[in-house]
file run_17.cif (mmCIF, C-alpha atoms and all ligand atoms)
data_my_file
#
loop_
_atom_site.label_atom_id
_atom_site.label_comp_id
_atom_site.auth_asym_id
_atom_site.auth_seq_id
_atom_site.Cartn_x
_atom_site.Cartn_y
_atom_site.Cartn_z
CA MET W 43 0.00 0.00 0.00
CA ASP W 44 2.77 2.45 1.01
CA LYS W 45 4.71 1.82 -2.15
CA GLN W 46 1.59 2.07 -4.29
CA LEU W 47 0.67 5.39 -2.78
CA LYS W 48 4.16 6.70 -3.14
CA ASN W 49 4.27 5.72 -6.80
CA LEU W 50 0.86 7.21 -7.39
CA VAL W 51 2.08 10.51 -6.02
CA LEU W 52 5.47 10.45 -7.76
CA ASN W 53 3.98 9.49 -11.13
CA ASN W 54 1.50 12.33 -10.88
CA SER W 55 3.92 14.87 -9.54
CA ASP W 56 3.07 17.22 -12.41
CA SER W 57 -0.53 17.71 -11.39
CA ILE W 58 0.31 17.91 -7.70
CA VAL W 59 2.99 20.50 -8.40
CA LYS W 60 0.54 22.47 -10.53
CA LYS W 61 -2.07 22.50 -7.78
CA TRP W 62 0.55 23.34 -5.15
CA LEU W 63 1.88 26.28 -7.14
CA GLU W 64 -1.65 27.61 -7.56
CA GLU W 65 -2.30 27.43 -3.83
CA ILE W 66 1.04 28.96 -2.93
CA SER W 67 0.53 31.85 -5.31
CA LYS W 68 -2.75 32.58 -3.53
CA ASN W 69 -0.70 33.09 -0.38
CA ARG W 70 1.35 35.63 -2.25
CA SER W 71 -0.91 38.30 -0.83
CA ASN W 72 0.49 37.43 2.60
CA GLU W 73 2.64 40.34 3.62
CA TYR W 74 5.79 38.31 4.12
CA THR W 75 6.60 37.65 0.49
CA SER W 76 5.34 40.94 -0.89
CA THR W 77 8.84 42.43 -1.07
CA ILE W 78 10.19 39.54 -3.12
CA SER W 79 10.21 39.81 -6.92
CA GLU W 80 7.80 37.72 -8.98
CA GLU W 81 10.58 35.77 -10.73
CA LEU W 82 12.42 34.94 -7.54
CA PHE W 83 9.18 33.88 -5.88
CA GLU W 84 8.34 31.53 -8.76
CA SER W 85 11.79 30.01 -9.11
CA THR W 86 11.99 29.50 -5.35
CA ASN W 87 8.60 27.80 -5.36
CA ARG W 88 9.70 25.43 -8.14
CA GLU W 89 12.89 24.59 -6.32
CA PHE W 90 11.02 24.10 -3.06
CA VAL W 91 8.52 21.65 -4.53
CA ASN W 92 11.30 19.71 -6.31
CA VAL W 93 13.18 19.41 -3.05
CA ILE W 94 10.05 18.11 -1.34
CA PHE W 95 9.56 15.49 -4.04
CA THR W 96 13.15 14.30 -3.89
CA SER W 97 12.82 13.88 -0.14
CA VAL W 98 9.60 11.91 -0.57
CA ASP W 99 11.21 9.79 -3.29
CA LYS W 100 14.38 9.06 -1.34
CA GLN W 101 12.49 8.74 1.97
CA ARG W 102 15.09 10.77 3.83
CA ILE W 103 16.36 14.30 4.37
CA THR W 104 18.45 15.00 1.28
CA SER W 105 21.43 17.26 0.84
CA GLU W 106 19.30 19.26 -1.61
CA LEU W 107 16.94 20.04 1.24
CA ASP W 108 19.83 21.17 3.45
CA ASP W 109 21.22 23.41 0.72
CA PHE W 110 17.82 24.85 0.00
CA SER W 111 17.05 25.71 3.62
CA GLU W 112 20.50 27.18 4.15
CA ARG W 113 19.96 29.49 1.21
CA LEU W 114 16.51 30.57 2.41
CA ILE W 115 17.87 31.32 5.87
CA ASN W 116 20.72 33.38 4.44
CA LEU W 117 18.35 35.32 2.22
CA GLY W 118 16.13 35.99 5.23
CA TRP W 119 13.00 34.19 4.00
CA PRO W 120 10.53 33.76 6.84
CA LEU W 121 9.98 30.37 8.42
CA SER W 122 6.27 30.74 7.69
CA TYR W 123 7.02 30.43 3.96
CA ILE W 124 8.39 26.96 4.62
CA THR W 125 5.71 25.81 7.03
CA ASP W 126 2.90 27.20 4.83
CA GLY W 127 4.47 25.49 1.82
CA LEU W 128 4.66 22.13 3.52
CA GLN W 129 1.17 22.33 5.00
CA THR W 130 -0.13 23.15 1.54
CA PHE W 131 1.79 20.19 0.13
CA ARG W 132 0.20 17.95 2.75
CA ARG W 133 -3.30 19.17 1.90
CA VAL W 134 -2.86 19.05 -1.87
CA THR W 135 -1.34 15.57 -1.81
CA ILE W 136 -4.05 14.13 0.43
CA ASP W 137 -6.72 15.68 -1.78
CA PHE W 138 -5.08 14.25 -4.84
CA ILE W 139 -4.79 10.72 -3.47
CA LEU W 140 -8.37 10.74 -2.25
CA THR W 141 -9.77 11.88 -5.59
CA GLN W 142 -7.83 9.10 -7.34
CA SER W 143 -9.53 6.30 -5.49
CA GLU W 144 -13.19 5.63 -6.23
CA LYS W 145 -14.17 4.21 -2.93
CA ILE W 146 -12.50 4.98 0.37
CA ASP W 147 -13.39 3.59 3.73
CA SER W 148 -12.24 5.24 6.90
CA GLU W 149 -9.40 2.77 7.32
CA ASP W 150 -7.86 3.70 3.99
CA PHE W 151 -8.38 7.30 4.83
CA ALA W 152 -6.37 6.93 8.02
CA ILE W 153 -3.60 5.14 6.15
CA VAL W 154 -3.36 7.92 3.59
CA LEU W 155 -3.18 10.60 6.28
CA ASP W 156 -0.56 8.67 8.16
CA MET W 157 1.53 8.11 5.07
CA VAL W 158 1.55 11.73 4.01
CA ASP W 159 2.33 12.86 7.57
CA ASN W 160 5.32 10.57 7.49
CA TRP W 161 6.55 12.36 4.41
CA VAL W 162 5.90 15.89 5.50
CA ASP W 163 6.65 15.96 9.24
CA PRO W 164 10.34 15.02 9.08
CA ILE W 165 10.90 17.76 6.53
CA ILE W 166 9.11 20.32 8.71
CA ASN W 167 11.10 19.23 11.77
CA GLN W 168 14.38 19.43 9.92
CA LEU W 169 13.70 22.90 8.55
CA VAL W 170 12.34 24.31 11.79
CA ASN W 171 15.44 23.01 13.58
CA GLU W 172 17.72 24.65 11.08
CA TYR W 173 15.90 27.93 11.35
CA SER W 174 15.92 27.99 15.14
CA GLY W 175 19.56 26.93 15.19
CA SER W 176 20.39 29.92 13.06
CA TRP W 177 18.38 32.24 15.33
CA GLU W 178 20.13 30.96 18.42
CA HIS W 179 23.42 31.54 16.69
CA THR W 180 22.42 35.11 15.83
CA VAL W 181 21.25 35.81 19.37
CA SER W 182 24.50 34.55 20.86
CA LEU W 183 26.52 36.68 18.44
CA GLN W 184 24.46 39.71 19.38
CA ARG W 185 25.01 38.98 23.02
CA VAL W 186 28.76 39.06 22.45
CA ALA W 187 28.46 42.27 20.43
CA LEU W 188 26.38 43.85 23.19
CA GLN W 189 28.89 42.81 25.81
CA GLU W 190 31.67 44.50 23.89
CA LEU W 191 29.62 47.69 23.86
CA SER W 192 28.53 47.48 27.44
CA ALA W 193 31.37 49.05 29.42
CA PRO W 194 33.74 50.95 27.13
CA LEU W 195 36.56 53.02 28.54
CA ILE W 196 37.68 56.05 26.56
CA PRO W 197 40.96 57.84 27.28
CA VAL W 198 40.05 61.44 26.51
CA MET W 199 43.19 63.21 27.71
CA ASP W 200 46.42 62.29 29.43
CA ASN W 201 45.47 60.66 32.73
CA ILE W 202 41.74 61.21 32.25
CA THR W 203 39.39 58.48 31.02
CA VAL W 204 35.62 58.31 30.61
CA MET W 205 33.27 55.34 30.91
CA PRO W 206 29.90 56.19 29.35
CA LEU W 207 27.20 53.77 30.47
CA ILE W 208 24.10 53.40 28.34
CA GLY W 209 21.20 51.07 29.10
CA THR W 210 20.20 48.72 31.87
CA ILE W 211 22.84 47.43 34.26
CA ASP W 212 22.37 43.81 35.33
CA THR W 213 24.75 41.73 37.46
CA ASP W 214 26.83 40.53 34.50
CA ARG W 215 27.28 44.03 33.23
CA ALA W 216 28.11 45.35 36.68
CA LYS W 217 30.97 42.83 36.88
CA LEU W 218 32.21 43.89 33.47
CA ILE W 219 32.13 47.56 34.48
CA MET W 220 34.34 46.82 37.46
CA GLU W 221 36.83 44.74 35.44
CA ASN W 222 37.09 47.19 32.56
CA LEU W 223 37.42 50.11 34.93
CA LEU W 224 40.33 48.60 36.84
CA ASP W 225 42.07 47.24 33.71
CA GLY W 226 41.62 50.57 31.96
CA VAL W 227 42.91 52.69 34.80
CA ILE W 228 46.12 50.69 34.80
CA LYS W 229 46.46 50.44 31.03
CA HIS W 230 45.86 54.14 30.34
CA ASN W 231 47.64 55.21 33.48
CA ALA W 232 44.58 57.23 34.47
CA GLU W 233 44.47 59.49 37.48
CA VAL W 234 40.81 60.35 37.10
CA VAL W 235 37.97 58.22 35.73
CA LEU W 236 34.60 59.74 34.92
CA ILE W 237 31.63 57.36 34.98
CA ASP W 238 28.83 58.88 32.93
CA ILE W 239 25.38 57.52 33.84
CA THR W 240 23.31 59.83 31.59
CA GLY W 241 22.08 56.78 29.65
CA VAL W 242 21.20 54.53 32.58
CA PRO W 243 17.39 54.45 32.85
CA VAL W 244 17.04 53.36 36.50
CA VAL W 245 19.52 53.73 39.33
CA ASP W 246 18.32 51.41 42.08
CA THR W 247 20.25 50.26 45.15
CA MET W 248 21.89 47.44 43.18
CA VAL W 249 23.28 49.79 40.53
CA ALA W 250 24.31 52.33 43.19
CA HIS W 251 26.01 49.60 45.18
CA HIS W 252 28.04 48.47 42.19
CA ILE W 253 29.04 52.02 41.33
CA ILE W 254 30.11 52.68 44.91
CA GLN W 255 32.17 49.46 44.94
CA ALA W 256 33.77 50.32 41.59
CA ALA W 257 34.66 53.80 42.80
CA GLU W 258 36.15 52.35 45.98
CA ALA W 259 38.25 49.88 44.00
CA VAL W 260 39.49 52.66 41.72
CA ARG W 261 40.50 54.65 44.80
CA LEU W 262 42.45 51.67 46.13
CA ILE W 263 44.61 51.56 43.02
CA GLY W 264 45.38 55.23 43.42
CA ALA W 265 42.97 56.99 41.08
CA THR W 266 39.84 59.10 41.58
CA CYS W 267 36.38 58.28 40.31
CA ILE W 268 33.85 61.00 39.49
CA LEU W 269 30.21 60.16 38.84
CA VAL W 270 28.69 62.39 36.16
CA GLY W 271 25.45 62.67 34.19
CA ILE W 272 23.08 62.40 37.12
CA ARG W 273 19.71 63.50 35.74
CA PRO W 274 17.48 65.49 38.12
CA GLU W 275 14.92 62.68 38.55
CA ILE W 276 17.71 60.21 39.26
CA ALA W 277 19.20 62.58 41.85
CA GLN W 278 15.81 62.66 43.61
CA THR W 279 15.34 58.89 43.63
CA ILE W 280 18.86 58.38 44.94
CA VAL W 281 18.06 60.74 47.81
CA ASN W 282 14.74 58.94 48.48
CA LEU W 283 16.52 55.61 48.58
CA GLY W 284 18.73 57.10 51.27
CA ILE W 285 21.94 56.36 49.42
CA ASP W 286 24.84 58.49 50.57
CA LEU W 287 26.97 59.55 47.63
CA ARG W 288 28.70 62.32 49.54
CA LYS W 289 31.77 60.18 49.97
CA PHE W 290 32.76 60.48 46.36
CA PRO W 291 32.63 63.33 43.88
CA THR W 292 29.60 63.74 41.65
CA LYS W 293 28.93 66.27 38.91
CA SER W 294 25.76 66.93 36.96
CA SER W 295 27.41 66.93 33.54
CA LEU W 296 30.37 65.35 31.79
CA ARG W 297 31.63 68.84 31.00
CA LYS W 298 31.80 69.83 34.66
CA GLY W 299 33.35 66.48 35.43
CA VAL W 300 36.14 67.06 32.94
CA GLN W 301 36.78 70.48 34.47
CA THR W 302 37.11 68.94 37.93
CA ALA W 303 39.32 66.19 36.52
CA LEU W 304 41.64 68.81 35.02
CA GLU W 305 41.82 70.64 38.34
CA LEU W 306 42.64 67.38 40.11
CA THR W 307 45.49 66.81 37.66
CA ASN W 308 46.63 70.44 38.02
CA ARG W 309 45.56 71.60 34.62
CA ARG W 310 42.92 73.89 33.16
CA ILE W 311 41.62 74.92 29.79
CA VAL W 312 42.76 78.35 28.64
CA GLN W 313 41.42 80.31 25.71
CA SER W 314 44.13 80.93 23.14
CA GLY W 315 44.56 84.40 21.53
CA ASN W 316 42.75 87.59 22.41
CA LYS W 317 39.22 87.20 23.67
CA GLU W 318 37.75 90.29 21.97
CA ASP W 319 39.40 89.26 18.73
CA GLY W 320 37.55 86.01 18.93
CA VAL W 321 34.19 87.65 19.43
CA GLU W 322 34.77 89.99 16.50
CA LYS W 323 35.75 87.15 14.22
CA LEU W 324 32.65 85.26 15.23
CA LEU W 325 30.40 88.25 14.50
CA ASP W 326 32.16 88.74 11.16
CA SER W 327 31.62 85.16 10.16
CA LEU W 328 27.95 85.39 11.13
CA ASN W 329 27.47 88.50 9.02
CA LYS W 330 28.89 86.75 5.99
CA GLU W 331 26.24 84.08 6.03
CA MET I 12 -12.17 49.88 35.60
CA ASN I 13 -9.79 48.26 37.99
CA PHE I 14 -8.05 45.60 35.97
CA GLN I 15 -4.74 44.11 37.00
CA THR I 16 -1.70 43.41 34.86
CA CYS I 17 1.13 41.23 36.08
CA VAL I 18 4.69 40.34 35.18
CA ASN I 19 6.19 37.06 36.35
CA ILE I 20 9.63 37.33 37.89
CA GLN I 21 11.76 34.30 37.09
CA LYS I 22 15.03 35.57 35.68
CA GLU I 23 17.00 38.76 36.17
CA TRP I 24 15.79 40.37 32.94
CA ASP I 25 12.16 40.05 34.10
CA ILE I 26 12.98 42.89 36.51
CA VAL I 27 13.47 45.13 33.48
CA GLY I 28 10.17 43.93 32.02
CA ALA I 29 8.30 44.74 35.24
CA ARG I 30 9.92 48.13 35.45
CA GLN I 31 8.98 48.96 31.88
CA LEU I 32 5.35 47.93 32.28
CA GLY I 33 5.14 49.92 35.52
CA ARG I 34 6.61 52.99 33.90
CA ASP I 35 4.15 52.71 30.99
CA ARG I 36 1.23 52.42 33.43
CA ALA I 37 2.53 55.42 35.41
CA LYS I 38 2.78 57.47 32.23
CA GLU I 39 -0.81 56.56 31.24
CA ILE I 40 -2.13 57.62 34.62
CA GLY I 41 -0.38 60.96 34.27
CA PHE I 42 2.63 60.85 36.59
CA GLY I 43 5.48 63.29 35.89
CA THR I 44 9.06 62.29 35.08
CA VAL I 45 10.28 62.32 38.66
CA ASP I 46 7.42 60.17 39.96
CA GLN I 47 7.82 57.81 37.00
CA ALA I 48 11.46 57.37 38.00
CA ARG I 49 10.43 56.83 41.64
CA ILE I 50 7.89 54.18 40.66
CA ALA I 51 10.29 52.42 38.28
CA THR I 52 12.95 52.37 40.99
CA ALA I 53 10.55 51.00 43.61
CA ILE I 54 9.46 48.24 41.22
CA SER I 55 13.10 47.46 40.54
CA GLU I 56 13.76 47.03 44.27
CA LEU I 57 10.72 44.81 44.88
CA ALA I 58 11.32 42.69 41.78
CA ARG I 59 14.97 42.21 42.62
CA ASN I 60 14.12 41.15 46.14
CA ILE I 61 11.78 38.51 44.71
CA TYR I 62 14.50 37.35 42.32
CA LEU I 63 17.16 37.27 45.07
CA TYR I 64 15.29 36.01 48.11
CA ALA I 65 12.25 34.10 46.85
CA GLY I 66 13.49 32.91 43.46
CA THR I 67 10.22 33.50 41.68
CA GLY I 68 7.09 35.58 42.12
CA LYS I 69 5.18 38.31 40.39
CA ILE I 70 4.67 42.05 40.24
CA CYS I 71 1.13 43.28 39.53
CA PHE I 72 -0.22 46.72 38.76
CA GLU I 73 -3.62 48.20 39.43
CA MET I 74 -4.86 51.65 38.57
CA MET I 75 -6.47 53.38 41.53
CA ASN I 76 -9.42 55.62 40.81
CA ASP I 77 -10.80 57.26 43.92
CA ILE I 78 -13.31 60.08 43.73
CA ASN I 79 -10.70 62.70 44.32
CA GLN I 80 -7.42 61.08 43.34
CA LYS I 81 -5.75 58.75 40.89
CA GLY I 82 -2.85 56.47 41.63
CA LEU I 83 -0.94 53.31 40.90
CA LEU I 84 -0.92 50.27 43.17
CA VAL I 85 2.07 47.95 42.89
CA ILE I 86 1.75 44.47 44.40
CA ALA I 87 4.77 42.20 44.77
CA THR I 88 3.95 38.61 45.71
CA ASP I 89 6.10 35.54 46.20
CA ASN I 90 5.99 32.14 47.86
CA GLY I 91 9.52 32.45 49.20
CA PRO I 92 10.88 32.09 52.74
CA GLY I 93 8.97 35.10 54.05
CA ILE I 94 10.24 37.75 56.48
CA LYS I 95 10.37 37.00 60.22
CA ASP I 96 11.04 40.44 61.62
CA ILE I 97 9.44 43.11 59.49
CA SER I 98 10.64 46.05 61.57
CA GLN I 99 14.20 44.79 61.15
CA VAL I 100 14.10 44.67 57.33
CA MET I 101 12.64 48.18 57.34
CA GLU I 102 15.77 49.51 59.03
CA ASP I 103 18.17 51.33 56.72
CA GLY I 104 21.22 49.19 56.11
CA TYR I 105 19.78 45.83 57.16
CA THR I 106 20.75 43.20 54.60
CA THR I 107 21.31 39.47 54.54
CA SER I 108 22.95 39.45 51.12
CA GLY I 109 25.76 41.99 51.42
CA GLY I 110 23.64 44.58 49.61
CA LEU I 111 23.04 48.15 50.69
CA GLY I 112 19.98 47.22 52.73
CA ALA I 113 18.27 50.34 51.45
CA GLY I 114 15.71 48.63 49.21
CA LEU I 115 12.62 48.23 51.39
CA PRO I 116 12.99 51.42 53.45
CA GLY I 117 13.76 53.14 50.14
CA VAL I 118 10.56 51.85 48.54
CA LYS I 119 8.60 53.14 51.53
CA ARG I 120 10.04 56.63 50.97
CA LEU I 121 9.65 56.50 47.18
CA MET I 122 5.95 55.60 47.41
CA ASP I 123 3.06 57.18 49.38
CA GLU I 124 1.63 54.07 51.01
CA PHE I 125 3.47 50.90 51.92
CA ASP I 126 2.39 47.65 53.49
CA ILE I 127 4.09 44.27 54.06
CA ILE I 128 2.28 41.04 54.88
CA SER I 129 4.61 38.11 55.38
CA ASP I 130 4.20 34.57 56.56
CA PRO I 131 7.55 32.97 57.43
CA GLY I 132 7.84 29.81 55.36
CA LYS I 133 4.93 30.77 53.11
CA GLY I 134 5.78 33.98 51.33
CA THR I 135 5.56 37.73 51.20
CA GLU I 136 3.16 40.27 49.78
CA ILE I 137 4.10 43.93 49.54
CA ARG I 138 1.60 46.58 48.43
CA ALA I 139 2.69 50.10 47.64
CA ILE I 140 0.69 53.02 46.24
CA LYS I 141 1.77 56.25 44.60
CA TRP I 142 -0.82 59.01 44.18
CA VAL I 143 -0.80 61.57 41.40
CA ARG I 144 -0.57 65.07 42.77
N1 LIG U 401 10.58 39.02 49.16
C1 LIG U 401 11.39 38.74 50.21
N2 LIG U 401 11.38 37.52 50.78
C2 LIG U 401 12.19 37.22 51.81
N3 LIG U 401 13.07 38.10 52.35
C3 LIG U 401 13.14 39.34 51.85
C4 LIG U 401 12.32 39.72 50.74
N4 LIG U 401 12.61 41.02 50.45
C5 LIG U 401 13.53 41.41 51.31
N5 LIG U 401 13.88 40.41 52.16
C6 LIG U 401 14.88 40.49 53.26
O1 LIG U 401 14.99 41.84 53.65
C7 LIG U 401 16.34 42.27 53.61
C8 LIG U 401 16.40 43.74 53.25
O2 LIG U 401 15.95 43.96 51.92
P1 LIG U 401 16.34 45.29 51.17
O3 LIG U 401 15.91 46.43 52.03
O4 LIG U 401 15.77 45.24 49.79
O5 LIG U 401 17.93 45.29 51.13
P2 LIG U 401 18.92 44.34 50.32
O6 LIG U 401 18.15 43.71 49.21
O7 LIG U 401 20.00 45.25 49.84
O8 LIG U 401 19.45 43.32 51.28
C9 LIG U 401 17.00 41.37 52.60
O9 LIG U 401 18.39 41.27 52.80
C10 LIG U 401 16.25 40.05 52.82
O10 LIG U 401 16.84 39.34 53.88
MG MG U 402 16.78 44.66 47.96
#

call {"tool": "encode", "arguments": {"input": "run_17.cif", "output": "C-alpha cells", "more": "lines below"}}
Ligand SMILES: Nc1ncnc2c1ncn2[C@@H]1O[C@H](COP(=O)(O)OP(=O)(O)O)[C@@H](O)[C@H]1O
Ligand SMILES: [Mg+2]
result
Amino acid sequence: MDKQLKNLVLNNSDSIVKKWLEEISKNRSNEYTSTISEELFESTNREFVNVIFTSVDKQRITSELDDFSERLINLGWPLSYITDGLQTFRRVTIDFILTQSEKIDSEDFAIVLDMVDNWVDPIINQLVNEYSGSWEHTVSLQRVALQELSAPLIPVMDNITVMPLIGTIDTDRAKLIMENLLDGVIKHNAEVVLIDITGVPVVDTMVAHHIIQAAEAVRLIGATCILVGIRPEIAQTIVNLGIDLRKFPTKSSLRKGVQTALELTNRRIVQSGNKEDGVEKLLDSLNKE
Amino acid sequence: MNFQTCVNIQKEWDIVGARQLGRDRAKEIGFGTVDQARIATAISELARNIYLYAGTGKICFEMMNDINQKGLLVIATDNGPGIKDISQVMEDGYTTSGGLGAGLPGVKRLMDEFDIISDPGKGTEIRAIKWVR
C-alpha cells in the first residue's frame, strides 16, 4: 500500500505541483513575500517543490533540502514560507490521493493521512530546527556584540578616562564595568575616571552599590572616580533611597566632570589668543552668512 | 475599571520587564518624570528582592481611581521564605545578602503608602501606592 501510494504521487507529480503552485501563489498576498520579486518567488517555489519530491522519493532528508534551507535562511525568508508550503503540500497531496480512489473507507483514509504525515513531518522538523539553530546563533553573536559595547573606557586626555554607560545594568554588566574600569585605569595610566550615567534608565540600590564598589576599587589603586550625568529625577530617587553619595565626587554633567578632573590633575583649559578678537571674528563670520 | 496586569519574575531580565510595564502604566495615569522614575525604581527594588530572596514571584499593577485622586498600586507577591522580623528589614542598612539594605525602606520613601504582609515559610506580599498630585 505504502509503495503504491508513493508511486501514485510520484507518477503524478506534475498535477500535484501544478495544484501546489496555484495554492502557494494565492498566499502571495500574505505580507511576508510581498517584497520579493515575482521571478524569484516563482523560481523558489519550483525549487522548493522539487526538493520536497526528492525527499519523498528518497524517503530521507536529502542534501538538496539542506542546501535549499541554508539558502533561504541566508536570504532571510521567513519560516512561515516553509511551514505554509509544507502544510499546503500535505493538503494538496491528500486531496489528490483521495480523488484518485473511487471508494475509500475510513481505514484507507487513516492510512493515507498517516503516510503523508510521514513524508511531511520530518521535513518540517528538519527545517524548523535549522531555522531555530540559526536564530540561536544570531542571538548569541548579538550577546557578544552587546557585551563589547557594554562598558567601554575612553581615554580622553592624558590621565583622564571616561566610561559612558548606556542602558540597563544587570549583574553581569556590573561585573564587566568593574573589570574594565580597573584594567583601563592601569592600562591608560589614568588618574581620574569619569563614569557617565546619563544613559542609565534606573539607578536602584543594586546599581548604586556596584558604582560605589567600583569607585572604591578605583580609589584603592590610586585613582579618583567621578560620577557624572546624574539626571534630576535620578538625583531625587537616589536621595529617596537614602543612598549616601557624599563620599565620592559627583557632577551633573560630563563637562563639569572634565573640568574637575583637570583641576585634580593640576591643569585647566585656557582660551588661546585675544578674547575680543575672537568675538569679533565670530560676528564677522555670522554677518557673511 | 480596575483591571490588573502582572509580570512574572523568574530571571534577572524580568525585573526590566516589570519596570517597563510599571513605567508605561505610570505614564498613562499621568505621573510626571520624577514620579515615573520613583515608581520604576521602587518596582526594581521589589522585583529584585523577589528574584534574590524568593526565586520567583510576580509584580502586579492596578490603577487606583478614587473620587478625588488617581494612583498606581504595585503588588509584589512571592511564595519564598517570608520575612520573620518586618521592623528589622525596614531599618536602613539591614541586609542578609551583602547589599546596601536600602531597598525596602527606600521603597517606603519613594511611594506614598506601603504595606508588608509576610508569613515565614509561606511567602511575602508587599503593596505600595503612589498618588498623582
Ligand atoms: N521578598 C522577600 N522575601 C524574603 N526576604 C526578603 C524579601 N525582600 C527582602 N527580604 C529580606 O529583607 C532584607 C532587606 O531587603 P532590602 O531592604 O531590599 O535590602 P537588600 O536587598 O540590599 O538586602 C534582605 O536582605 C532580605 O533578607
Ligand atoms: Mg533589595

call {"tool": "residues_near_ligand", "arguments": {"input": "run_17.cif", "ligand": "ligand LIG 401 (chain U)", "cutoff": "6 Å", "atoms": "all atoms listed in the file", "output": "list in words"}}
result
Asn60, Ile61, Tyr64, Ala65, Gly91, Pro92, Gly93, Ile94, Val100, Tyr105, Thr106, Thr107, Ser108, Gly110, Leu111, Gly112, Ala113, Gly114, Leu115, Pro116 and Thr135 of chain I

call {"tool": "atom_distance", "arguments": {"input": "run_17.cif", "atom1": "CA of Ile140 (chain I)", "atom2": "CA of Gln31 (chain I)"}}
result
17.1 Å

call {"tool": "atom_distance", "arguments": {"input": "run_17.cif", "atom1": "CA of Pro206 (chain W)", "atom2": "CA of Gly43 (chain I)"}}
result
26.3 Å

call {"tool": "residues_around", "arguments": {"input": "run_17.cif", "residues": "region 110-127 of chain W", "least_positions_apart": "2", "cutoff": "7 Å", "atoms": "only C-alpha atoms", "output": "list of chain:residue names"}}
result
W:Ile66, W:Glu106, W:Leu107, W:Asp108, W:Gln129, W:Thr130, W:Phe131, W:Ile166, W:Leu169, W:Tyr173

call {"tool": "closest_atom_pairs", "arguments": {"input": "run_17.cif", "of": "chain W", "to": "ligand MG 402 (chain U)", "cutoff": "12 Å", "atoms": "all atoms listed in the file", "output": "CSV"}}
result
residue,atom,partner,partner_atom,distance
W:Asp246,CA,U:MG402,MG,9.1
W:Thr247,CA,U:MG402,MG,7.2
W:Met248,CA,U:MG402,MG,7.5
W:Val249,CA,U:MG402,MG,11.1
W:Ala250,CA,U:MG402,MG,11.8
W:His251,CA,U:MG402,MG,10.8
W:Leu283,CA,U:MG402,MG,11.0

call {"tool": "interface_residues", "arguments": {"input": "run_17.cif", "of": "chain W", "to": "chain I", "cutoff": "9 Å", "atoms": "only C-alpha atoms", "output": "list in words"}}
result
Thr210, Asp212, Thr213, Pro243, Val244, Val245, Asp246, Thr247, Met248, Ala250, His251, Pro274, Glu275, Ile276, Gln278, Thr279, Ile280, Asn282, Leu283, Gly284 and Ile285 of chain W

call {"tool": "atom_distance", "arguments": {"input": "run_17.cif", "atom1": "CA of Leu236 (chain W)", "atom2": "CA of Ile268 (chain W)"}}
result
4.8 Å

call {"tool": "axis_aligned_box", "arguments": {"input": "run_17.cif", "around": "region 253-262 of chain W", "padding_each_side": "8 Å", "output": "lines of an AutoDock Vina configuration file"}}
result
center_x = 35.7
center_y = 52.1
center_z = 43.7
size_x = 29.4
size_y = 21.2
size_z = 20.8

call {"tool": "closest_residue", "arguments": {"input": "run_17.cif", "among": "I:Cys17, I:Lys133, I:Leu63, I:Phe42", "to": "Ala87 (chain I)", "atoms": "all atoms listed in the file"}}
result
I:Cys17

call {"tool": "residues_around", "arguments": {"input": "run_17.cif", "residues": "Asn90 (chain I)", "least_positions_apart": "6", "cutoff": "10 Å", "atoms": "only C-alpha atoms", "output": "list in words"}}
result
Ile61, Ala65, Gly66, Thr67, Gly68, Lys69, Ser129, Asp130, Pro131, Gly132, Lys133, Gly134, Thr135 and Glu136 of chain I

call {"tool": "write_last_selection", "arguments": {"input": "run_17.cif", "atoms": "C-alpha atoms", "output": "mmCIF file, keeping the file's coordinate frame"}}
result
data_model
loop_
_atom_site.group_PDB
_atom_site.id
_atom_site.type_symbol
_atom_site.label_atom_id
_atom_site.label_comp_id
_atom_site.auth_asym_id
_atom_site.auth_seq_id
_atom_site.Cartn_x
_atom_site.Cartn_y
_atom_site.Cartn_z
ATOM 1 C CA ILE I 61 11.780 38.510 44.710
ATOM 2 C CA ALA I 65 12.250 34.100 46.850
ATOM 3 C CA GLY I 66 13.490 32.910 43.460
ATOM 4 C CA THR I 67 10.220 33.500 41.680
ATOM 5 C CA GLY I 68 7.090 35.580 42.120
ATOM 6 C CA LYS I 69 5.180 38.310 40.390
ATOM 7 C CA SER I 129 4.610 38.110 55.380
ATOM 8 C CA ASP I 130 4.200 34.570 56.560
ATOM 9 C CA PRO I 131 7.550 32.970 57.430
ATOM 10 C CA GLY I 132 7.840 29.810 55.360
ATOM 11 C CA LYS I 133 4.930 30.770 53.110
ATOM 12 C CA GLY I 134 5.780 33.980 51.330
ATOM 13 C CA THR I 135 5.560 37.730 51.200
ATOM 14 C CA GLU I 136 3.160 40.270 49.780
#

call {"tool": "residues_around", "arguments": {"input": "run_17.cif", "residues": "Asp225 (chain W)", "least_positions_apart": "2", "cutoff": "12 Å", "atoms": "all atoms listed in the file", "output": "PyMOL selection string"}}
result
chain W and resi 193-195+203+218-223+227-232+235+256+259-260+263

call {"tool": "residues_near_point", "arguments": {"input": "run_17.cif", "point": "(43.7, 66.7, 35.6)", "cutoff": "9 Å", "atoms": "all atoms listed in the file", "output": "list in words"}}
result
Met199, Asp200, Asn201, Ile202, Glu233, Val234, Val300, Gln301, Thr302, Ala303, Leu304, Glu305, Leu306, Thr307, Asn308, Arg309 and Arg310 of chain W

call {"tool": "closest_residue", "arguments": {"input": "run_17.cif", "among": "I:Lys141, I:Arg34, I:Lys95, I:Lys81", "to": "Asp123 (chain I)", "atoms": "all atoms listed in the file"}}
result
I:Lys141
